[in-house]
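Engineer: Can you keep this structure in mind? I'll have questions shortly.
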Amino acid sequence: MLDTRTTDDWQALDGAHHVHSFTDPALIASGKTRVVVRGEGCQIWDSDGRRFLDGMAGLWCVNVGYGRQELIDAVTRQMAELPFYSNHFQSTTPAMTALAHRLSTLTPEGLDHFLFTSSGSEANDTVVRMVRYFWKLQGAPRKRIFISRTMAYHGSTLAAASLCGLPHMHAMDGGTLPDFAHIVHPHWYGLGGTLGKDEFGLQAAQALEQRILELGPENVAAFIGEPVQGAGGVIDPPSTYWPEIQRICRKYDVLLVADEVICGFGRTGSWFGAQTFGITPDVMTMAKGLSSGYLPIAAVAMNRRVFETISGGGHLAHGYTYSGHPVASAVALANIDIIAREGLVDRVREDIGPYLHETLARLTDSPIVGEKRGIGALAALQLIKNKATREPFTVEEGAGIFCREACYARGLIVRAVGQSIVLSPSLVITHAEIDELAEKLADALEETVRHFRLL
Ligand code: PMP
């Protein structure tokens, strides 16, 4: 039956019943819900028929774009054949086994065992359990502490929220769980002072060594980081950073965990961010681009040492009803087929990544843009009050949110992270769409400049 409810109807119902993620409920109560009804390629439409260019690929996830018939067909086929069976108690379904095998051909050397979850948060939570279990079986049960970074986002479940380095994530429910520590994030423009980029990268990585020594290497289980910090503002580290982090982890036998939830599946111009930055983690988490968001599925990849150790523990007391859900696995397989067949990883590295960054670099002429950063199909513009002194806008001034709203008003979806505008478009974005994105963003930046009287 045709649903004839209007935008006003949806907003009223939503205000009455729906608790939103990462939203002030007051905005929803006052009827400001955006009702998104349709998507095609890099475009979405709202319930009033307005078109938006989606500069965020949903939530960093719709890598192959909206409306892919091939993915719809994969879901339909699997639904008809077997909508559900679990992987508990020695069972599998062909889709989940095929997906584990396919992933093993894409991940860095040695990472060829996969534990499935339904979300990035669950994957990171799982890592906390698995890594502590690993050390217990290795005869080092005191190795429990996880070190992550300020501005990190690793999820909203209890352990994943503790891994986060965003103060508001900890403030909500009274801090972190025990045995979580944080070091500085490697944002050269914001924190580098007079240091050169490479020198700052080394120094930021060496904060890990210092922290391990303070905590005692015998107590530190793992370091976890997003190859490029996403929700913290698209912070791509200097090239010296990751190799030094890896060296330090190896030196103190601290496991290296890459959170590839955003970076995985082509976004940085390699299948995984670890490959872009030249590291081989012991454990990796992935989600989002794994199914391009068409269905919830995520995974923890582990290397042989980790897998063989936890295999030695016998019955594994861990898992989810929907681990490796066959329909989600089928859509992930079809999604990987599209990424591979259409060469989207190379396209990011050689074509649209460079084009996006060249185009955005022109916007740094604006008096309000201090820095363009990012890599591949991940980018951010840092809004700044005074370019010479790098004086930032305050939260109260809200330049980021002002500019984001100005983008929305022009039919462009971007995200504001603090006083940065961040972008993570689908990997199928065209040059014409990048031009449209940059035009709209330039216009929104001009309005922001006028609003804050920077001219
Ligand atoms: N890790 C990273 C790097 C993320 O960006 C996110 C989500 N934005 C998560 C983990 C959590 O994933 P999910 O929202 O699927 O739980």
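Scheme for the structure tokens: letters A, B, ... for chains in order shown; per-chain residue numbers from 1; ligand numbers from 1 in order shown.
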Which residues form the shell of 9 Å around ligand 1 when you count only C-alpha atoms and all ligand atoms, given as a PyMOL selection string?
Structural biologist: chain A and resi 59-61+118-124+152-157+160+164+225-232+259-263+285-288+296-298
Engineer: Need to verify the contact set: A:Pro217, 10 Å, only C-alpha atoms, exclusion of same-chain residues closer than 6 positions in sequence. Can you return it as a PDB file with C-alpha atoms, in the first residue's frame?
Structural biologist:
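Contents of result17.pdb, freshly written:
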```
ATOM      1  CA  ARG A 142      48.716  -9.075  33.248  1.00  0.00           C
ATOM      2  CA  LYS A 143      48.961  -7.740  29.709  1.00  0.00           C
ATOM      3  CA  ILE A 145      45.911  -2.442  28.949  1.00  0.00           C
ATOM      4  CA  GLU A 209      57.002   4.117  23.741  1.00  0.00           C
ATOM      5  CA  ARG A 211      53.459   5.390  27.640  1.00  0.00           C
ATOM      6  CA  CYS A 249      54.855  -2.415  19.220  1.00  0.00           C
ATOM      7  CA  LYS A 251      59.974  -4.019  20.446  1.00  0.00           C
ATOM      8  CA  TYR A 252      57.737  -4.394  23.514  1.00  0.00           C
ATOM      9  CA  ASP A 253      55.599  -7.278  22.204  1.00  0.00           C
ATOM     10  CA  VAL A 254      52.468  -5.145  22.233  1.00  0.00           C
TER      11      VAL A 254
END
```
Engineer: Show which residues sit within 8 Å of stretch 384-389 of chain A, as number ranges by chain. Count only C-alpha atoms, and ignore same-chain residues fewer than 2 positions away.
Structural biologist: A: 367-370, 382, 391-393, 419, 454
Engineer: Let me make sure I understand: among A:Val345, A:Ala379, A:Ala409, A:Ile339, which one has the smallest atom-to-atom distance to A:Gln275 if we use only C-alpha atoms?
Structural biologist: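 The answer is A:Val345, which sits nearest to A:Gln275.
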Engineer: List as a PyMOL selection string the protein and nucleic acid residues near A:Trp135, meaning an atom at most 10 Å away when only C-alpha atoms are counted, but skip any in the same chain fewer than 2 places from it.
Structural biologist: chain A and resi 130-133+137-144+220-222+254-255+306+309-310
Engineer: Determine the nearest neighbour of A:Leu71 from the options A:Leu423, A:Leu115, A:Val417, A:Leu295, counting only C-alpha atoms.
Structural biologist: A:Leu295
Engineer: Determine, counting only C-alpha atoms, which protein, DNA and RNA residues have an atom within 9 Å of an atom of A:Arg410; residues of the same chain fewer than 6 positions away are not included. Present the result as a ChimeraX atom specification.
Structural biologist: /A:52,440-441,443-444
Engineer: Of the candidates A:Arg305, A:His325, A:Lys32, A:His357, which shows the shortest atom-to-atom distance to A:Lys372, using only C-alpha atoms?
Structural biologist: A:His357
Engineer: May I ask for the distance between atom CA of A:His185 and atom CA of A:Phe22, given in Å to one decimal place?
Structural biologist: 22.2 Å
Engineer: Name the closest residue to A:Arg347 among the candidates A:Leu360, A:Leu213, A:Ala317, A:Val64; distances are taken between atoms, counting only C-alpha atoms.
Structural biologist: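 Going through A:Leu360, A:Leu213, A:Ala317, A:Val64 one by one, the smallest distance to A:Arg347 is for A:Val64.
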